[in-house]
Amino acid sequence: MLKVGVVLLLCVGSSLAVNQQLFLIDNNANNETIESTISISGYIQDLADLNFDKRASTACVVSGLWLLYSNRNFNTDSILGNAVHFVYGDNVCSGSTFIVDEISSVRYAGSFVDWKANSMNLYGKDWYQGREQFLVGDAYTVLLGNVRSLIVSGTSPWIVFDEESFAGNGVCIRPFAPEFGQPGMYPNIEAAIKSAKISTEEECQLYPQF
Ligand SMILES: [Ca+2]
């Protein structure tokens, strides 16, 4: 069964972009000689490589939209019993009971240098698990195949199409609250997305709304 949590802090008025960065903290480390906090600024397929597998009990986001998985390799290979958590914002920490020693891999969504920039992450499994494709602009071909979840970051809506080169049926899909930097989180979709393009409000309104 999937367990999902979210913590967000809306930082209105801040225009300074900061690279995505996450701290994982082991609040209940039983050995004072081991490191209790690690700083992460990239994809970590296996936290065991950093001696931090299933140790974190708090996640503090310096900046970004971070996805936390209970199995290595972003839950790509496992079928059942996966947990996925996400935390996004600037200078925000999860509660102390949020992840409870279960995180084995982490990655971010959106642009590394500015998590509020326009982009779309597409995932091959639901809840942002599995293989992904990252788009920052028009994609004449989406290679992922069937898309089961996606995240729309930034302020612009996108149009996704069921054929390549922006052909076939298009659907408009949006960030949830772009004025607050709140991305569109779509954890469970079934869509044959073969191409996608960044759009405008005027253009997107011509299409069915997701
Ligand atoms: Ca711990």
# chains A, B, ... in the order shown; residues from 1 in each chain; ligands from 1

$ residues_around --residues "region 37-45 of chain A" --least-positions-apart "3" --cutoff "7 Å" --atoms "only C-alpha atoms" --output "list in words"
Gln20, Gln21, Leu22, Phe23, Leu24, Ile25, Asp26, Arg72, Asn73, Phe74, Ser105, Val106, Arg107 and Tyr108 of chain A

$ write_last_selection --atoms "C-alpha atoms" --output "compact mmCIF listing (two decimals), in the first residue's frame"
# COMPACT_ATOMS: atom_id res chain seq x y z
CA GLN A 20 17.79 22.04 -5.17
CA GLN A 21 19.17 20.70 -1.90
CA LEU A 22 17.89 18.31 0.74
CA PHE A 23 19.07 17.39 4.22
CA LEU A 24 18.21 13.96 5.60
CA ILE A 25 18.41 13.75 9.35
CA ASP A 26 18.61 10.65 11.52
CA ARG A 72 16.35 1.70 -3.99
CA ASN A 73 16.33 3.03 -7.54
CA PHE A 74 13.20 5.12 -6.97
CA SER A 105 16.46 6.45 -2.49
CA VAL A 106 15.74 10.09 -3.29
CA ARG A 107 15.55 12.36 -6.29
CA TYR A 108 14.16 15.77 -7.13

$ residues_around --residues "region 176-179 of chain A" --least-positions-apart "3" --cutoff "9 Å" --atoms "only C-alpha atoms" --output "list in words"
Val12, Lys116, Val152, Ser153, Gly154, Thr155, Ser156, Gln182, Pro183, Gly184 and Met185 of chain A

$ residues_near_ligand --ligand "ligand 1" --cutoff "7 Å" --atoms "only C-alpha atoms and all ligand atoms" --output "VMD selection string"
chain A and resid 26 to 29 55 to 57 100 to 101

$ atom_distance --atom1 "CA of Glu190 (chain A)" --atom2 "CA of Tyr88 (chain A)"
24.4 Å

$ select_by_dssp --residues "region 8-209 of chain A" --states "strand (DSSP E or B)" --output "ChimeraX atom specification"
/A:8-9,21-25,37-40,44,58-69,84-93,105-109,119-123,132-135,139,146-147,149-153,158-163,167-173,177,182,184-186,191-192,195-198,209

$ atom_distance --atom1 "CA of Gly130 (chain A)" --atom2 "CA of Pro208 (chain A)"
27.6 Å

$ select_by_dssp --residues "region 10-209 of chain A" --states "helix (DSSP H, G or I)" --output "PyMOL selection string"
chain A and resi 47-50+73-75+126-128+178-180+201-204

$ write_last_selection --atoms "C-alpha atoms" --output "PDB file, in the first residue's frame"
ATOM      1  CA  LEU A  47      21.232   5.665   0.164  1.00  0.00           C
ATOM      2  CA  ALA A  48      23.316   2.708   1.350  1.00  0.00           C
ATOM      3  CA  ASP A  49      26.111   4.256  -0.728  1.00  0.00           C
ATOM      4  CA  LEU A  50      26.059   7.145   1.752  1.00  0.00           C
ATOM      5  CA  ASN A  73      16.334   3.029  -7.537  1.00  0.00           C
ATOM      6  CA  PHE A  74      13.197   5.124  -6.973  1.00  0.00           C
ATOM      7  CA  ASN A  75      10.965   2.068  -6.549  1.00  0.00           C
ATOM      8  CA  ASP A 126       2.226   5.926 -10.412  1.00  0.00           C
ATOM      9  CA  TRP A 127       3.239   8.177  -7.527  1.00  0.00           C
ATOM     10  CA  TYR A 128       6.322   9.438  -9.398  1.00  0.00           C
ATOM     11  CA  PRO A 178       1.436  28.859 -10.046  1.00  0.00           C
ATOM     12  CA  GLU A 179       1.083  32.167  -8.205  1.00  0.00           C
ATOM     13  CA  PHE A 180       2.353  30.386  -5.079  1.00  0.00           C
ATOM     14  CA  GLU A 201      -3.324  30.107 -21.023  1.00  0.00           C
ATOM     15  CA  GLU A 202      -5.051  31.282 -24.200  1.00  0.00           C
ATOM     16  CA  GLU A 203      -3.929  28.292 -26.237  1.00  0.00           C
ATOM     17  CA  CYS A 204      -4.537  25.763 -23.482  1.00  0.00           C
TER      18      CYS A 204
END
